[in-house]
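Engineer: File name protein38.cif; file contents mmCIF, C-alpha atoms; full text below.
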data_input
loop_
_atom_site.label_atom_id
_atom_site.label_comp_id
_atom_site.auth_asym_id
_atom_site.auth_seq_id
_atom_site.Cartn_x
_atom_site.Cartn_y
_atom_site.Cartn_z
CA LEU A 1335 153.71 76.37 154.67
CA PRO A 1336 153.75 76.49 150.88
CA SER A 1337 155.33 79.50 149.27
CA ARG A 1338 153.10 82.26 147.92
CA SER A 1339 153.95 81.25 144.39
CA SER A 1340 152.74 77.71 144.99
CA GLU A 1341 149.48 79.11 146.38
CA GLY A 1342 149.04 81.09 143.16
CA ARG A 1343 149.80 78.03 141.10
CA THR A 1344 146.98 76.17 142.84
CA MET A 1345 144.61 78.62 141.23
CA GLY A 1346 145.58 77.47 137.77
CA GLY A 1347 149.15 78.65 137.27
CA GLY A 1348 150.28 78.40 133.68
CA CYS A 1349 153.83 77.07 134.03
CA GLN A 1350 153.92 73.35 133.32
CA ARG A 1351 156.31 71.39 135.53
CA LEU A 1352 157.61 67.96 134.59
CA LEU A 1353 159.78 65.91 136.93
CA VAL A 1354 161.94 63.40 135.07
CA ALA A 1355 162.42 60.32 137.25
CA GLY A 1356 164.34 57.12 136.61
CA ASP A 1357 163.92 53.48 137.52
CA ARG A 1358 167.54 53.49 138.71
CA SER A 1359 170.57 55.76 138.94
CA HIS A 1360 172.42 56.49 135.68
CA CYS A 1361 169.46 55.52 133.49
CA GLY A 1362 169.84 58.71 131.46
CA LYS A 1363 167.52 61.15 133.27
CA SER A 1364 169.73 64.13 132.51
CA THR A 1365 170.06 63.14 128.86
CA ILE A 1366 166.28 62.75 128.59
CA SER A 1367 165.90 66.15 130.29
CA LEU A 1368 168.31 67.57 127.71
CA GLY A 1369 166.31 66.00 124.89
CA ILE A 1370 163.06 67.48 126.20
CA LEU A 1371 164.62 70.95 126.51
CA ALA A 1372 166.06 70.79 122.98
CA SER A 1373 162.75 69.48 121.63
CA LEU A 1374 160.83 72.32 123.32
CA LEU A 1375 163.09 74.81 121.54
CA ASP A 1376 162.53 72.96 118.26
CA ALA A 1377 158.76 73.06 118.92
CA GLY A 1378 158.83 76.86 119.04
CA TYR A 1379 159.39 77.62 122.70
CA SER A 1380 161.71 80.56 123.35
CA PRO A 1381 164.77 79.97 125.59
CA LYS A 1382 163.13 82.40 128.01
CA ASP A 1383 160.00 80.23 128.10
CA ILE A 1384 161.71 77.18 129.61
CA ALA A 1385 164.02 76.28 132.48
CA TYR A 1386 165.89 73.34 133.98
CA ILE A 1387 166.57 72.51 137.61
CA LYS A 1388 167.98 69.64 139.63
CA PRO A 1389 166.74 70.66 143.09
CA SER A 1390 168.36 67.77 144.94
CA THR A 1391 171.34 65.79 143.76
CA GLN A 1392 174.03 63.30 144.68
CA CYS A 1393 176.43 64.75 142.13
CA VAL A 1394 178.11 68.11 141.77
CA ALA A 1395 179.76 67.70 138.36
CA ALA A 1396 178.68 70.03 135.56
CA THR A 1397 176.55 68.01 133.15
CA LEU A 1398 176.03 68.39 129.43
CA THR A 1399 172.46 69.45 130.21
CA ALA A 1400 173.73 72.42 132.22
CA ARG A 1401 176.21 73.38 129.51
CA PHE A 1402 173.44 73.14 126.90
CA CYS A 1403 171.35 75.57 128.94
CA GLU A 1404 174.29 77.94 129.33
CA SER A 1405 174.99 77.90 125.60
CA ASN A 1406 171.35 78.42 124.62
CA GLY A 1407 170.24 81.09 127.09
CA VAL A 1408 168.00 78.74 129.09
CA ASP A 1409 167.73 79.45 132.82
CA TYR A 1410 169.08 76.56 134.88
CA VAL A 1411 170.08 75.40 138.36
CA HIS A 1412 172.17 72.26 137.98
CA ILE A 1413 173.11 72.00 141.67
CA GLY A 1414 170.08 72.71 143.82
CA PRO A 1415 169.86 73.56 147.51
CA VAL A 1416 170.00 69.94 148.70
CA VAL A 1417 173.12 67.90 147.98
CA PHE A 1418 173.30 64.39 149.39
CA TYR A 1419 177.03 64.53 149.96
CA ARG A 1420 178.94 61.88 151.89
CA GLY A 1421 177.69 61.75 155.49
CA PHE A 1422 174.63 63.96 154.86
CA THR A 1423 172.01 61.40 155.89
CA ARG A 1424 173.87 60.54 159.10
CA GLN A 1425 174.14 64.22 159.94
CA PHE A 1426 170.41 64.63 159.29
CA LEU A 1427 169.54 61.72 161.58
CA ASP A 1428 171.82 63.25 164.20
CA GLY A 1429 169.64 66.35 164.15
CA GLU A 1430 171.52 68.56 161.70
CA HIS A 1431 170.12 70.26 158.57
CA GLY A 1432 166.70 71.01 160.06
CA THR A 1433 163.54 69.03 159.28
CA SER A 1434 162.33 67.17 156.22
CA ASP A 1435 159.93 70.03 155.58
CA ASP A 1436 162.87 72.44 155.65
CA LEU A 1437 164.71 70.44 152.97
CA VAL A 1438 161.68 70.05 150.70
CA GLY A 1439 160.82 73.71 151.24
CA LYS A 1440 164.28 74.77 150.02
CA CYS A 1441 163.82 72.66 146.89
CA ALA A 1442 160.31 74.00 146.28
CA ARG A 1443 161.44 77.60 146.61
CA ALA A 1444 164.28 76.97 144.17
CA VAL A 1445 161.80 75.48 141.67
CA ASP A 1446 159.42 78.41 142.18
CA LYS A 1447 162.24 80.89 141.59
CA VAL A 1448 163.45 79.34 138.33
CA SER A 1449 159.83 78.89 137.18
CA ALA A 1450 158.97 82.58 137.37
CA GLY A 1451 157.68 83.73 133.99
CA LYS A 1452 158.22 80.33 132.36
CA ARG A 1453 155.88 78.15 130.32
CA PHE A 1454 157.60 74.80 130.91
CA VAL A 1455 160.13 73.69 133.54
CA VAL A 1456 162.01 70.39 133.53
CA ILE A 1457 162.83 69.12 137.03
CA ASP A 1458 165.61 66.51 137.01
CA GLY A 1459 164.99 63.86 139.67
CA VAL A 1460 167.69 62.29 141.83
CA GLY A 1461 168.55 58.59 141.51
CA TYR A 1462 165.57 56.26 141.65
CA PRO A 1463 162.26 57.56 143.05
CA SER A 1464 162.85 56.86 146.76
CA VAL A 1465 166.38 58.31 146.90
CA GLY A 1466 166.24 60.93 149.65
CA SER A 1467 163.29 59.32 151.45
CA ILE A 1468 165.52 58.65 154.47
CA VAL A 1469 165.54 62.41 155.08
CA GLY A 1470 162.00 62.97 153.75
CA CYS A 1471 163.18 64.69 150.58
CA SER A 1472 162.65 62.23 147.74
CA SER A 1473 161.60 63.09 144.20
CA ALA A 1474 158.02 62.30 145.24
CA ASP A 1475 158.19 64.77 148.14
CA ILE A 1476 159.47 67.45 145.76
CA ALA A 1477 156.85 66.64 143.10
CA VAL A 1478 154.04 66.98 145.65
CA ARG A 1479 155.26 70.34 146.89
CA CYS A 1480 155.99 71.70 143.41
CA GLY A 1481 152.84 70.49 141.68
CA ALA A 1482 154.83 68.53 139.10
CA ARG A 1483 153.79 65.72 136.83
CA VAL A 1484 156.21 62.79 136.45
CA LEU A 1485 157.81 61.12 133.44
CA ILE A 1486 159.68 57.89 134.17
CA VAL A 1487 162.82 56.92 132.24
CA GLY A 1488 162.75 53.14 131.85
CA LYS A 1489 165.20 50.45 130.84
CA GLN A 1490 165.54 48.04 127.94
CA GLY A 1491 163.61 44.80 127.70
CA VAL A 1492 159.93 43.99 128.16
CA GLY A 1493 159.15 42.24 131.45
CA ASP A 1494 161.89 43.91 133.48
CA ALA A 1495 161.21 47.27 131.85
CA VAL A 1496 157.47 47.20 132.58
CA ASP A 1497 157.89 45.72 136.07
CA SER A 1498 160.39 48.45 136.97
CA PHE A 1499 158.07 51.11 135.58
CA ASN A 1500 155.18 49.78 137.66
CA LEU A 1501 157.28 49.77 140.82
CA CYS A 1502 158.43 53.35 140.28
CA ALA A 1503 155.01 54.59 139.17
CA ALA A 1504 153.41 53.06 142.27
CA TYR A 1505 155.77 55.05 144.50
CA PHE A 1506 154.56 58.33 142.98
CA GLU A 1507 150.93 57.27 142.56
CA SER A 1508 150.72 56.31 146.24
CA ARG A 1509 151.10 60.04 146.93
CA GLY A 1510 148.55 61.00 144.29
CA ILE A 1511 151.20 62.35 141.91
CA PRO A 1512 150.21 62.09 138.22
CA VAL A 1513 152.61 59.90 136.22
CA VAL A 1514 152.05 60.87 132.59
CA GLY A 1515 154.04 57.97 131.10
CA ALA A 1516 157.50 56.79 130.16
CA ILE A 1517 160.41 56.94 127.78
CA PHE A 1518 162.37 53.70 127.59
CA ASN A 1519 166.05 54.34 127.07
CA LYS A 1520 169.17 52.53 125.82
CA LEU A 1521 167.46 49.72 123.90
CA ALA A 1522 169.33 47.33 121.63
CA THR A 1523 168.97 47.76 117.89
CA LYS A 1524 168.84 44.05 117.06
CA GLY A 1525 168.18 40.67 118.63
CA LEU A 1526 165.41 39.42 120.92
CA TYR A 1527 165.40 42.68 122.89
CA SER A 1528 165.64 44.99 119.93
CA ILE A 1529 163.77 48.27 120.01
CA ASP A 1530 161.30 47.12 117.35
CA LYS A 1531 160.39 43.90 119.18
CA CYS A 1532 160.18 45.47 122.62
CA SER A 1533 158.09 48.36 121.34
CA VAL A 1534 155.25 46.06 120.25
CA TYR A 1535 154.85 44.41 123.64
CA ILE A 1536 155.46 47.44 125.85
CA LYS A 1537 152.84 49.45 123.94
CA ARG A 1538 150.46 46.48 124.04
CA TYR A 1539 150.82 46.30 127.83
CA PHE A 1540 150.21 50.01 128.30
CA ALA A 1541 147.18 49.96 126.00
CA ARG A 1542 145.63 47.17 128.07
CA ASN A 1543 146.69 48.07 131.60
CA ARG A 1544 147.69 51.76 131.67
CA PRO A 1545 145.63 53.35 128.89
CA HIS A 1546 145.86 56.84 130.40
CA GLN A 1547 149.66 56.86 130.39
CA GLY A 1548 151.84 57.25 127.34
CA VAL A 1549 154.77 55.35 125.92
CA TYR A 1550 156.33 58.47 124.48
CA GLY A 1551 159.30 56.77 122.95
CA LEU A 1552 161.86 53.99 122.93
CA ILE A 1553 165.38 55.24 122.33
CA PRO A 1554 168.23 53.05 121.04
CA ALA A 1555 171.54 52.88 122.88
CA GLN A 1556 174.20 55.18 121.45
CA ASP A 1557 177.92 54.68 122.09
CA GLY A 1558 178.51 58.21 120.86
CA LEU A 1559 176.76 59.72 123.87
CA ALA A 1560 178.80 57.70 126.34
CA SER A 1561 182.10 58.74 124.78
CA LEU A 1562 181.27 62.36 123.98
CA ALA A 1563 179.18 63.45 126.94
CA PRO A 1564 178.76 61.27 130.04
CA GLU A 1565 175.68 63.15 131.18
CA GLU A 1566 175.53 61.84 134.72
CA THR A 1567 179.15 61.73 135.80
CA CYS A 1568 179.19 62.14 139.55
CA GLY A 1569 181.50 64.38 141.48
CA PHE A 1570 180.92 63.20 145.04
CA THR A 1571 181.83 65.68 147.73
CA PHE A 1572 181.83 66.12 151.48
CA LYS A 1573 180.04 69.47 151.43
CA HIS A 1574 177.62 71.56 149.38
CA PRO A 1575 179.63 73.41 146.71
CA ASP A 1576 177.35 76.46 146.97
CA PRO A 1577 176.48 76.95 150.67
CA GLU A 1578 175.53 80.60 150.16
CA GLY A 1579 172.86 79.71 147.62
CA LEU A 1580 174.48 81.62 144.77
CA VAL A 1581 173.80 80.57 141.19
CA LEU A 1582 176.62 78.36 139.97
CA ARG A 1583 177.48 78.82 136.30
CA VAL A 1584 179.17 76.40 133.93
CA GLU A 1585 181.10 76.82 130.71
CA GLY A 1586 179.38 76.57 127.34
CA MET A 1587 179.56 73.48 125.17
CA SER A 1588 182.60 72.27 123.28
CA GLU A 1589 182.33 71.20 119.63
CA ASP A 1590 182.23 67.52 120.67
CA GLU A 1591 179.43 68.31 123.10
CA ARG A 1592 177.50 70.18 120.42
CA ALA A 1593 177.76 67.03 118.30
CA ALA A 1594 176.40 65.03 121.24
CA VAL A 1595 173.46 67.42 121.58
CA ASP A 1596 172.76 67.13 117.85
CA LEU A 1597 172.65 63.35 118.32
CA VAL A 1598 170.22 63.65 121.25
CA ARG A 1599 168.06 66.03 119.23
CA GLU A 1600 168.04 63.61 116.28
CA LEU A 1601 167.10 60.70 118.55
CA PHE A 1602 164.18 62.67 119.97
CA GLN A 1603 162.98 63.77 116.56
CA THR A 1604 163.00 60.15 115.38
CA HIS A 1605 161.90 58.24 118.46
CA VAL A 1606 160.05 60.53 120.91
CA ASP A 1607 156.59 62.10 120.69
CA ILE A 1608 157.34 65.44 122.36
CA ARG A 1609 153.98 66.96 121.39
CA SER A 1610 152.10 64.28 123.34
CA ILE A 1611 154.35 64.89 126.36
CA ILE A 1612 153.54 68.62 126.27
CA ASP A 1613 149.81 67.97 125.86
CA ASP A 1614 149.63 65.32 128.60
CA VAL A 1615 151.61 67.40 131.10
CA LYS A 1616 149.15 70.25 130.59
CA ALA A 1617 146.14 67.93 130.74
CA ARG A 1618 147.18 66.63 134.18
CA GLU A 1619 147.82 70.08 135.67
CA VAL A 1620 144.61 70.09 137.70
CA ASP A 1621 145.48 66.70 139.22
CA SER A 1622 148.87 68.02 140.35
CA ASN A 1623 147.36 71.18 141.77
CA ILE A 1624 144.89 69.15 143.84
CA VAL A 1625 147.75 67.11 145.33
CA THR A 1626 149.62 70.33 146.15
CA GLY A 1627 146.47 71.87 147.63
CA VAL A 1628 145.81 68.86 149.85
CA HIS A 1629 149.42 69.01 151.05
CA ALA A 1630 149.00 72.69 151.89
CA LEU A 1631 145.85 72.00 153.91
CA ARG A 1632 147.55 69.15 155.76
CA ALA A 1633 150.42 71.48 156.62
CA LEU A 1634 147.94 74.04 157.95
CA ALA A 1635 146.08 71.39 159.94
CA ALA A 1636 149.34 70.19 161.49
CA ARG A 1637 150.11 73.75 162.61
CA PRO A 1638 146.75 75.40 163.38
CA LEU A 1639 148.38 78.40 165.05
CA SER A 1640 150.21 79.14 161.80
CA ALA A 1641 146.87 79.05 160.00
CA LEU A 1642 145.45 81.60 162.42
CA ARG A 1643 148.49 83.85 162.04
CA ALA A 1644 148.30 83.64 158.25
CA PRO A 1645 144.59 83.52 157.33
CA GLY A 1646 145.39 84.60 153.78
CA SER A 1647 147.37 81.41 153.20
CA THR A 1648 144.51 79.31 154.59
CA ILE A 1649 141.90 81.00 152.43
CA ALA A 1650 144.11 80.78 149.32
CA ALA A 1651 144.71 77.06 149.89
CA LEU A 1652 140.98 76.37 150.40
CA VAL A 1653 139.91 78.44 147.39
CA GLY A 1654 142.61 76.91 145.20
CA LEU A 1655 141.68 73.36 146.18
CA THR A 1656 137.96 74.05 145.63
CA TRP A 1657 138.68 75.58 142.21
CA ASN A 1658 140.78 72.65 141.06
CA LEU A 1659 138.33 70.05 142.36
CA SER A 1660 135.59 71.86 140.43
CA MET A 1661 137.71 71.85 137.27
CA LEU A 1662 138.48 68.15 137.74
CA ILE A 1663 134.80 67.26 138.18
CA LEU A 1664 133.84 69.40 135.18
CA GLY A 1665 136.57 67.87 133.03
CA ARG A 1666 135.60 64.33 133.99
CA SER A 1667 131.91 65.11 133.37
CA VAL A 1668 132.63 66.50 129.91
CA ALA A 1669 134.79 63.48 129.09
CA PHE A 1670 131.99 61.14 130.25
CA ILE A 1671 129.37 62.94 128.16
CA ARG A 1672 131.62 62.86 125.09
CA SER A 1673 132.24 59.15 125.63
CA ARG A 1674 128.50 58.44 125.92
CA LEU A 1675 127.70 60.48 122.81
CA ALA A 1676 130.42 58.71 120.84
CA SER A 1677 129.07 55.34 121.99
CA GLN A 1678 125.53 56.26 120.98
CA GLU A 1679 126.77 57.51 117.62
CA ARG A 1680 128.56 54.19 116.97
CA THR A 1681 125.42 52.28 117.97
CA LEU A 1682 123.29 54.41 115.64
CA HIS A 1683 125.68 53.88 112.71
CA SER A 1684 125.73 50.15 113.37
CA THR A 1685 121.90 50.04 113.47
CA LEU A 1686 121.64 52.02 110.21
CA ARG A 1687 124.06 49.67 108.47
CA GLN A 1688 122.06 46.65 109.61
CA THR A 1689 118.72 48.10 108.51
CA SER A 1690 120.09 49.13 105.11
#
Let's see the structure in the file written out as structure tokens.
Structural biologist:
Amino acid sequence: LPSRSSEGRTMGGGCQRLLVAGDRSHCGKSTISLGILASLLDAGYSPKDIAYIKPSTQCVAATLTARFCESNGVDYVHIGPVVFYRGFTRQFLDGEHGTSDDLVGKCARAVDKVSAGKRFVVIDGVGYPSVGSIVGCSSADIAVRCGARVLIVGKQGVGDAVDSFNLCAAYFESRGIPVVGAIFNKLATKGLYSIDKCSVYIKRYFARNRPHQGVYGLIPAQDGLASLAPEETCGFTFKHPDPEGLVLRVEGMSEDERAAVDLVRELFQTHVDIRSIIDDVKAREVDSNIVTGVHALRALAARPLSALRAPGSTIAALVGLTWNLSMLILGRSVAFIRSRLASQERTLHSTLRQTS
């Protein structure tokens, strides 16, 4: 069953949750997460207002993102409860580690815990979207349970970049998870695939085919980030480094790492529309809550005796889902009325111009 905090969130919540996914491993998800966190601070958020978590991971190395959080007083969990260490999936298929619901539940509770009292939480996805699906604990499974919206980190180019985005977006959208848009990372600065040339065609595609999703930025490749702070260096292991569930801490940033963060911050200020990301994540909150509410009801239906033993959970899930469906219908109705009024206003202006 969902945690009590997720039931409360279904009623409207207030903490915005954004899962940063990638179209492949090592695409820069952690660096993009770092840029979003730094940009939130620059936008006026307090360090106590935001948090960072990587609930499931293949890597156990301390990243620059974690050290940034440590140095800036931002709550973080850089190694979550599920670590896909060597042999983990085989052990799971052999009957170890419990069920898929157990794994996703651990991740959801960790997200709930770090989200307490926050306004915005960045959830760092693992690998590409279906990583973890073999054990039923992919980024999509976590997003459903946590009520998160998704931002996809894409690659350079035009055709390959858009095709990869569509493939990844479809994986989340098949579960009803709102994908707010994309940031395309590590683009060339000159040539046929330069950032300027790719930007024109990627934005043209989205305007025509995905008008409700944003191209929030295209970021040029930076050798300085690779040499100063390899943000996704993996430290593969044969066990979870924190089996007792204690909070692992990291050291603060070095001077070279501070320079790397300044570079990330500068890239975001120049190339990324953080305000639109914040606005769109909030605008899709009701959609996420409906997905989470439906999941809760399915869980109750699968275990009817649990529903009878915990009637409060059942009522909360039903009330929350009804509330969010009402808000969705109201929002769509208002948007439709505004669209009709705007259309009539344009028609009236056109008629007046013709008659005059």
Engineer: Using Å and a single decimal, report how far CA of Glu1619 in chain A sits from CA of Ala1477 in chain A.
Structural biologist: 12.2 Å
Engineer: Which one of A:Ile1486, A:Gly1481, A:Gly1548, A:Leu1368 sits closest to Asn1500 in chain A if you count only C-alpha atoms?
Structural biologist: A:Ile1486
Engineer: Given the PyMOL selection byres ((chain A and resi 1590-1595) around 10) and the file above, list the residues it selects as a PyMOL selection string.
Structural biologist: chain A and resi 1365+1368-1369+1372+1398-1399+1401-1402+1405+1558-1564+1586-1589+1596-1601
Engineer: Do a neighbour search on Arg1358 in chain A at 10 Å with only C-alpha atoms, toss out local chain neighbours closer than 2 positions, and write the hits as a PyMOL selection string.
Structural biologist: chain A and resi 1355-1356+1360-1363+1460-1465+1487-1489+1498+1502
Engineer: Would you mind telling me which residue in A:Ile1529, A:Ala1495, A:Val1456, A:Ala1504 lies nearest to Ser1373 in chain A when using all atoms listed in the file?
Structural biologist: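 Looking only at the distances to Ser1373 in chain A, the closest residue turns out to be A:Val1456.
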Engineer: Kindly indicate which residue among A:Lys1520, A:Lys1388, A:His1605, A:Arg1509 lies nearest to Val1549 in chain A, using all atoms listed in the file for the distances.
Structural biologist: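 Looking only at the distances to Val1549 in chain A, the closest residue turns out to be A:His1605.
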Engineer: Interatomic distance between CA of His1412 in chain A and CA of Tyr1386 in chain A?
Structural biologist: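 Taking CA of His1412 in chain A and CA of Tyr1386 in chain A, their separation equals 7.5 Å.
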Engineer: Determine, counting all atoms listed in the file, which protein, DNA and RNA residues have an atom within 12 Å of an atom of Pro1545 in chain A; residues of the same chain fewer than 4 positions away are not included. Present the result as a list in words.
Structural biologist: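 With the cut-off at 12 Å, the set is Val1514, Gly1515, Ile1536, Lys1537, Arg1538, Tyr1539, Phe1540, Ala1541 and Val1549 of chain A.
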Engineer: Considering all atoms listed in the file, state which residue in the set A:Ile1608, A:Ile1468, A:Val1445, A:Ala1522 is at the smallest distance from Arg1424 in chain A.
Structural biologist: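 Answer, going by the shortest atom-to-atom distance: A:Ile1468.
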Engineer: Rounded to one decimal in Å, what is the spacing between CA of Thr1423 in chain A and CA of Gly1470 in chain A?
Structural biologist: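 Here the two named atoms are 10.4 Å from each other.
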Engineer: Name all residues at most 8 Å from Val1416 in chain A (count only C-alpha atoms; drop same-chain ones fewer than 2 positions away) and give them as number ranges by chain.
Structural biologist: A: 1389-1391, 1413-1414, 1418, 1437, 1440-1441, 1574
Engineer: Determine the residue set returned by the PyMOL selection byres ((chain A and resi 1434) around 7) for the present structure, and present it as an MDAnalysis selection string.
Structural biologist: chainID A and resid 1432:1433 1435:1438 1469:1471
Engineer: Counting all atoms listed in the file, figure out which residue out of A:Arg1420, A:Arg1618, A:Arg1542, A:Arg1443 gets nearest to Gly1510 in chain A.
Structural biologist: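 Counting all atoms listed in the file, the residue closest to Gly1510 in chain A is A:Arg1618.
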